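Colleague: Data: model.cif, mmCIF, C-alpha atoms.
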```cif
data_final
loop_
_atom_site.label_atom_id
_atom_site.label_comp_id
_atom_site.auth_asym_id
_atom_site.auth_seq_id
_atom_site.Cartn_x
_atom_site.Cartn_y
_atom_site.Cartn_z
CA MET A 1 0.00 0.00 0.00
CA SER A 2 1.63 3.25 -1.04
CA ALA A 3 1.66 6.19 1.33
CA ALA A 4 0.00 8.34 -1.31
CA ARG A 5 -3.04 6.05 -1.35
CA LYS A 6 -3.46 5.51 2.37
CA ARG A 7 -6.71 3.76 3.22
CA VAL A 8 -9.25 5.84 5.11
CA ILE A 9 -11.68 4.36 7.63
CA LEU A 10 -15.09 5.95 7.09
CA SER A 11 -17.50 6.75 9.91
CA PRO A 12 -21.11 5.52 9.95
CA LEU A 13 -23.70 7.98 8.69
CA HIS A 14 -26.15 7.70 11.57
CA PRO A 15 -25.51 8.42 15.25
CA GLY A 16 -25.34 5.56 17.73
CA SER A 17 -26.41 5.63 21.37
CA ARG A 18 -23.04 7.13 22.39
CA THR A 19 -21.09 10.00 20.88
CA PRO A 20 -18.05 9.21 18.73
CA GLU A 21 -15.87 10.82 21.42
CA GLU A 22 -17.21 8.44 24.09
CA ILE A 23 -16.64 5.43 21.86
CA ARG A 24 -13.15 6.63 20.94
CA ALA A 25 -12.30 7.07 24.64
CA ALA A 26 -13.47 3.52 25.44
CA VAL A 27 -11.46 2.09 22.53
CA LYS A 28 -8.34 4.01 23.59
CA ALA A 29 -8.70 2.93 27.21
CA VAL A 30 -9.03 -0.76 26.30
CA LEU A 31 -6.12 -0.57 23.88
CA ALA A 32 -4.00 1.14 26.55
CA ASP A 33 -4.96 -1.60 29.05
CA GLY A 34 -3.83 -4.15 26.51
CA ASP A 35 -0.49 -2.39 26.12
CA ARG A 36 -0.03 -2.36 29.90
CA GLU A 37 -0.78 -6.09 30.10
CA VAL A 38 1.84 -6.71 27.44
CA GLU A 39 4.41 -4.61 29.33
CA VAL A 40 3.75 -6.52 32.58
CA LYS A 41 4.15 -9.87 30.85
CA ARG A 42 7.30 -8.76 29.04
CA ALA A 43 8.79 -7.64 32.35
CA ASP A 44 8.28 -11.10 33.84
CA PRO A 45 11.50 -13.00 33.09
CA THR A 46 10.63 -15.94 35.34
CA PRO A 47 11.92 -19.10 33.64
CA GLY A 48 9.01 -21.29 32.73
CA SER A 49 6.50 -18.45 32.98
CA LYS A 50 3.87 -18.43 30.27
CA SER A 51 5.21 -15.18 28.86
CA GLU A 52 8.79 -16.36 28.61
CA GLY A 53 10.20 -16.02 25.12
CA LYS A 54 7.09 -14.95 23.32
CA SER A 55 5.24 -11.75 22.63
CA THR A 56 1.79 -11.48 24.10
CA SER A 57 0.89 -8.42 22.04
CA LYS A 58 -2.01 -9.40 19.88
CA LEU A 59 -1.92 -6.12 18.01
CA LEU A 60 1.58 -6.92 16.82
CA MET A 61 0.11 -9.81 14.86
CA THR A 62 -1.18 -7.34 12.28
CA MET B 63 -14.41 11.65 1.17
CA ALA B 64 -17.94 12.98 1.30
CA ALA B 65 -20.52 11.27 3.50
CA SER B 66 -22.65 10.73 0.40
CA ASP B 67 -19.81 9.09 -1.52
CA TYR B 68 -21.75 6.85 -3.88
CA GLY B 69 -18.82 4.66 -4.91
CA GLY B 70 -17.77 3.97 -1.33
CA GLN B 71 -21.11 2.79 0.06
CA VAL B 72 -22.03 -0.87 0.26
CA PHE B 73 -25.62 -2.02 0.73
CA ILE B 74 -25.88 -5.24 2.76
CA ASN B 75 -28.91 -7.44 2.13
CA CYS B 76 -28.84 -10.45 4.43
CA PRO B 77 -30.77 -12.17 7.22
CA PHE B 78 -30.83 -10.11 10.42
CA ASP B 79 -31.02 -12.82 13.04
CA GLY B 80 -28.81 -14.42 15.66
CA GLU B 81 -27.96 -17.36 13.46
CA TYR B 82 -26.45 -15.12 10.77
CA ALA B 83 -24.89 -12.57 13.15
CA ARG B 84 -21.36 -14.02 13.06
CA LEU B 85 -21.25 -13.69 9.27
CA PHE B 86 -22.95 -10.30 9.22
CA GLU B 87 -20.58 -8.79 11.77
CA ALA B 88 -17.54 -10.17 9.94
CA ILE B 89 -18.78 -8.72 6.63
CA VAL B 90 -19.44 -5.30 8.19
CA PHE B 91 -15.93 -5.30 9.68
CA ALA B 92 -14.35 -6.26 6.34
CA ILE B 93 -16.20 -3.47 4.52
CA PHE B 94 -14.93 -0.83 6.98
CA ASP B 95 -11.40 -2.27 6.93
CA CYS B 96 -11.36 -2.02 3.13
CA GLY B 97 -12.20 1.71 3.40
CA PHE B 98 -15.89 1.48 2.46
CA ARG B 99 -19.06 2.25 4.43
CA PRO B 100 -21.65 -0.51 5.04
CA ARG B 101 -25.31 0.46 4.84
CA CYS B 102 -28.41 -1.61 5.58
CA SER B 103 -32.02 -1.25 6.59
CA LEU B 104 -31.10 -1.53 10.30
CA GLU B 105 -29.24 1.79 10.30
CA THR B 106 -32.24 3.97 11.15
CA ASP B 107 -35.36 3.32 13.15
CA ASP B 108 -37.67 5.85 11.60
CA GLY B 109 -41.16 4.58 12.36
CA GLY B 110 -42.61 7.20 10.03
CA GLN B 111 -40.84 5.85 6.96
CA ILE B 112 -42.29 2.93 5.04
CA ARG B 113 -39.76 0.09 5.15
CA ILE B 114 -39.54 -0.42 1.38
CA ASP B 115 -39.01 3.34 0.90
CA LYS B 116 -36.09 3.19 3.31
CA ILE B 117 -34.63 0.27 1.34
CA PHE B 118 -35.12 2.13 -1.98
CA SER B 119 -33.33 5.15 -0.51
CA ILE B 120 -30.33 3.16 0.76
CA ILE B 121 -30.00 1.14 -2.46
CA SER B 122 -30.10 4.37 -4.46
CA ALA B 123 -27.20 5.77 -2.37
CA CYS B 124 -24.96 2.70 -2.80
CA ARG B 125 -23.01 1.75 -5.91
CA LEU B 126 -22.17 -1.60 -4.38
CA GLY B 127 -24.38 -4.32 -2.93
CA ILE B 128 -23.78 -7.58 -1.09
CA HIS B 129 -26.74 -9.94 -1.15
CA ASP B 130 -26.79 -13.16 0.85
CA ILE B 131 -29.43 -15.55 -0.40
CA SER B 132 -28.41 -18.47 1.83
CA ARG B 133 -31.48 -18.31 4.07
CA THR B 134 -33.91 -20.54 2.19
CA GLU B 135 -35.24 -22.60 5.09
CA LEU B 136 -38.89 -22.38 6.01
CA ASP B 137 -39.72 -20.31 9.06
CA THR B 138 -40.30 -22.70 11.98
CA LYS B 139 -43.40 -20.80 13.14
CA ASN B 140 -45.36 -20.44 9.91
CA THR B 141 -43.47 -22.91 7.64
CA LEU B 142 -43.07 -20.27 4.94
CA PRO B 143 -39.83 -19.02 3.34
CA ARG B 144 -38.42 -15.49 3.80
CA PHE B 145 -38.55 -13.59 0.51
CA ASN B 146 -37.02 -10.26 1.63
CA MET B 147 -33.49 -11.05 0.42
CA PRO B 148 -34.50 -12.07 -3.14
CA LEU B 149 -36.84 -9.05 -3.28
CA GLU B 150 -34.08 -6.60 -2.33
CA LEU B 151 -31.68 -8.26 -4.75
CA GLY B 152 -34.30 -7.74 -7.45
CA VAL B 153 -34.67 -4.06 -6.53
CA PHE B 154 -30.88 -3.63 -6.74
CA LEU B 155 -30.64 -5.36 -10.13
CA GLY B 156 -33.63 -3.35 -11.36
CA ALA B 157 -31.97 -0.08 -10.33
CA LYS B 158 -28.84 -1.12 -12.21
CA ARG B 159 -30.84 -2.10 -15.29
CA TYR B 160 -33.35 0.76 -15.47
CA GLY B 161 -31.75 3.54 -13.42
CA ARG B 162 -29.97 6.65 -14.67
CA SER B 163 -26.24 6.70 -15.45
CA LYS B 164 -25.03 6.63 -11.84
CA GLN B 165 -27.31 3.70 -10.98
CA ARG B 166 -26.04 1.75 -13.98
CA GLN B 167 -22.58 1.73 -12.40
CA LYS B 168 -23.88 -0.57 -9.68
CA ALA B 169 -22.11 -3.86 -8.97
CA CYS B 170 -23.26 -6.64 -6.71
CA LEU B 171 -21.88 -9.70 -5.00
CA ILE B 172 -24.26 -12.56 -4.29
CA LEU B 173 -23.42 -14.94 -1.46
CA ASP B 174 -24.75 -18.39 -0.73
CA ARG B 175 -23.55 -21.17 1.52
CA GLU B 176 -22.77 -23.65 -1.26
CA SER B 177 -21.61 -23.22 -4.84
CA TYR B 178 -24.32 -23.59 -7.52
CA ARG B 179 -27.07 -24.19 -4.93
CA TYR B 180 -28.86 -21.05 -6.22
CA GLN B 181 -29.56 -22.86 -9.49
CA LYS B 182 -32.21 -24.89 -7.67
CA PHE B 183 -34.24 -21.96 -6.36
CA ILE B 184 -33.29 -18.71 -8.16
CA SER B 185 -31.70 -19.76 -11.43
CA ASP B 186 -32.45 -16.43 -13.15
CA ILE B 187 -29.49 -14.84 -11.36
CA ALA B 188 -27.01 -17.01 -13.29
CA GLY B 189 -24.31 -14.78 -14.77
CA GLN B 190 -24.04 -12.58 -11.67
CA ASP B 191 -21.02 -12.67 -9.35
CA ILE B 192 -22.05 -15.50 -7.00
CA ARG B 193 -19.73 -16.89 -4.30
CA SER B 194 -20.16 -19.44 -1.51
CA HIS B 195 -18.98 -18.63 2.03
CA GLY B 196 -19.67 -22.04 3.58
CA ASP B 197 -21.02 -20.27 6.71
CA ASP B 198 -17.40 -19.39 7.54
CA PRO B 199 -16.70 -15.76 8.63
CA GLN B 200 -13.08 -15.81 7.42
CA GLU B 201 -14.20 -17.07 4.02
CA ALA B 202 -16.87 -14.35 3.90
CA ILE B 203 -14.24 -11.72 4.76
CA THR B 204 -11.93 -12.94 1.99
CA ILE B 205 -14.72 -13.06 -0.59
CA VAL B 206 -15.92 -9.55 0.29
CA ARG B 207 -12.36 -8.19 0.27
CA ASN B 208 -11.51 -9.74 -3.10
CA TRP B 209 -14.74 -8.50 -4.62
CA LEU B 210 -14.26 -4.93 -3.31
CA ARG B 211 -10.75 -5.03 -4.75
CA SER B 212 -12.06 -6.12 -8.14
CA VAL B 213 -14.82 -3.49 -8.36
CA SER B 214 -12.69 -0.62 -6.98
CA PRO B 215 -9.12 -1.35 -8.10
CA GLN B 216 -7.99 2.24 -7.50
CA ARG B 217 -8.60 2.00 -3.75
CA PRO B 218 -5.92 0.72 -1.34
CA ILE B 219 -7.32 -2.46 0.23
CA PRO B 220 -5.58 -4.77 2.74
CA GLY B 221 -5.34 -8.53 2.22
CA GLY B 222 -8.04 -10.93 3.40
CA GLU B 223 -5.76 -12.65 5.91
CA ALA B 224 -4.76 -9.32 7.50
CA ILE B 225 -8.41 -8.31 7.78
CA GLY B 226 -9.26 -11.69 9.34
CA ASN B 227 -6.45 -11.31 11.90
CA ARG B 228 -7.63 -7.83 12.80
CA TYR B 229 -11.19 -9.06 13.10
CA ARG B 230 -10.21 -11.79 15.56
CA ILE B 231 -8.33 -9.22 17.68
CA PHE B 232 -11.29 -6.86 17.54
CA ARG B 233 -13.64 -9.65 18.70
CA LYS B 234 -11.39 -10.36 21.69
CA THR B 235 -11.35 -6.72 22.79
CA MET B 236 -15.01 -6.05 22.00
CA PRO B 237 -16.43 -7.25 25.37
CA LYS B 238 -14.11 -4.89 27.28
CA MET B 239 -15.05 -1.93 25.10
CA CYS B 240 -18.74 -2.75 25.50
CA ARG B 241 -18.41 -2.98 29.28
CA ARG B 242 -16.88 0.50 29.35
CA LEU B 243 -19.72 1.83 27.22
CA LYS B 244 -22.34 -0.07 29.27
CA TRP B 245 -23.44 -1.98 26.18
CA SER B 246 -24.41 -5.63 26.05
CA THR B 247 -22.44 -7.52 23.39
CA SER B 248 -25.45 -9.75 22.78
CA SER B 249 -27.83 -6.90 21.95
CA LEU B 250 -25.72 -4.33 20.13
CA THR B 251 -27.58 -2.28 17.56
CA PHE B 252 -26.22 -2.02 14.03
CA THR B 253 -25.28 1.65 14.49
CA ASP B 254 -23.47 1.03 17.79
CA TYR B 255 -21.60 -1.93 16.29
CA THR B 256 -20.55 0.09 13.24
CA TRP B 257 -19.28 2.98 15.37
CA LEU B 258 -17.30 0.57 17.52
CA VAL B 259 -15.72 -1.07 14.46
CA ALA B 260 -14.88 2.24 12.78
CA GLU B 261 -13.35 3.82 15.88
CA TRP B 262 -11.40 0.66 16.75
CA LEU B 263 -9.95 0.47 13.23
CA LYS B 264 -8.95 4.15 13.39
CA GLU B 265 -7.20 3.72 16.75
CA ALA B 266 -5.72 0.22 16.52
CA THR B 267 -4.43 0.07 12.95
#
```
Please express what this file holds, its structure, as structure tokens.

Modeller:
Amino acid sequence: MSAARKRVILSPLHPGSRTPEEIRAAVKAVLADGDREVEVKRADPTPGSKSEGKSTSKLLMT
Amino acid sequence: MAASDYGGQVFINCPFDGEYARLFEAIVFAIFDCGFRPRCSLETDDGGQIRIDKIFSIISACRLGIHDISRTELDTKNTLPRFNMPLELGVFLGAKRYGRSKQRQKACLILDRESYRYQKFISDIAGQDIRSHGDDPQEAITIVRNWLRSVSPQRPIPGGEAIGNRYRIFRKTMPKMCRRLKWSTSSLTFTDYTWLVAEWLKEAT
């Protein structure tokens, strides 16, 4: 995908039961929580721990 | 891109029930992720508007249409088939055939659960772009992605596997986002679901 033709995510036409700002805040908060979980697991070097040697960041899969 | 962007709007004609929800939600996600806007008759709840008029209006605003004709079973209550999907497909094809120049640019994708099954119950649609999803959300995502790519080659569109991976991540985080918004994941409206998908894609990708 070239930078000049970056894909744009469109917004729905009709309002939902929450404002876009409220939804955006909830999305950001959950994504930030996910990042914190990843950091905690990465900081756990305990041999044999579930996080040892592998990334737990799901977003990195993309 | 204008909100009324005709070329970027995709009309979805499919069953709106719990059994089909996993396919419907995957298709909606894929459409957003490809940079298009999904539209369907669930998007407004205007009691003053006659349902078929609302459908005419949405079809008129969309160059593209995805029609799932897989629901052919008889209703368990009244033992009659549901004809809404074939009717709306007919309206879409009629607009393309008899409409003015913009309407004649329409393109549609027809989905069923098995290849060539349509020949047994709606054989007149032979020659259209008909694909089978096998009731598999990832397959539906890939079919929708490939079709959008073919009808809008100038638009940047991610691969089907990447969209599928993002969709699985979105599904895992969806309950947490819904809890924060005090929404029930089992009873999300179409508009709330679409806003959640669009905002998540903007923030997470």

Colleague: Select residues of chain A: the criterion is any atom within 6 Å of an atom of chain B, counting all atoms listed in the file; output as an mmCIF file with C-alpha atoms, in the coordinates of the input.

Modeller:
```cif
data_model
loop_
_atom_site.group_PDB
_atom_site.id
_atom_site.type_symbol
_atom_site.label_atom_id
_atom_site.label_comp_id
_atom_site.auth_asym_id
_atom_site.auth_seq_id
_atom_site.Cartn_x
_atom_site.Cartn_y
_atom_site.Cartn_z
ATOM 1 C CA ARG A 7 -6.710 3.760 3.220
ATOM 2 C CA VAL A 8 -9.250 5.840 5.110
ATOM 3 C CA ILE A 9 -11.680 4.360 7.630
ATOM 4 C CA SER A 11 -17.500 6.750 9.910
ATOM 5 C CA GLY A 16 -25.340 5.560 17.730
ATOM 6 C CA ARG A 24 -13.150 6.630 20.940
ATOM 7 C CA ALA A 26 -13.470 3.520 25.440
ATOM 8 C CA VAL A 27 -11.460 2.090 22.530
#
```

Colleague: Between CA of Asp67 in chain B and CA of Ser119 in chain B, what distance in Å does the model show, to one decimal?

Modeller: 14.1 Å

Colleague: For the file shown, report as a ChimeraX atom specification the outcome of the PyMOL selection byres ((chain B and resi 82) around 12) at residue level.

Modeller: /B:75-81,83-89,130-133,175,197-199,202

Colleague: One number please: CA of Arg125 in chain B to CA of Tyr68 in chain B, in Å, one decimal.

Modeller: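 These atoms are spaced 5.6 Å apart.
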
Colleague: On this structure, which residues satisfy the PyMOL selection byres ((chain B and resi 189) around 12), written as an MDAnalysis selection string?

Modeller: chainID B and resid 170:172 178 180:181 184:188 190:193

Colleague: For CA of Pro148 in chain B and CA of Leu173 in chain B, quote the distance in Å rounded to one decimal.

Modeller: 11.6 Å
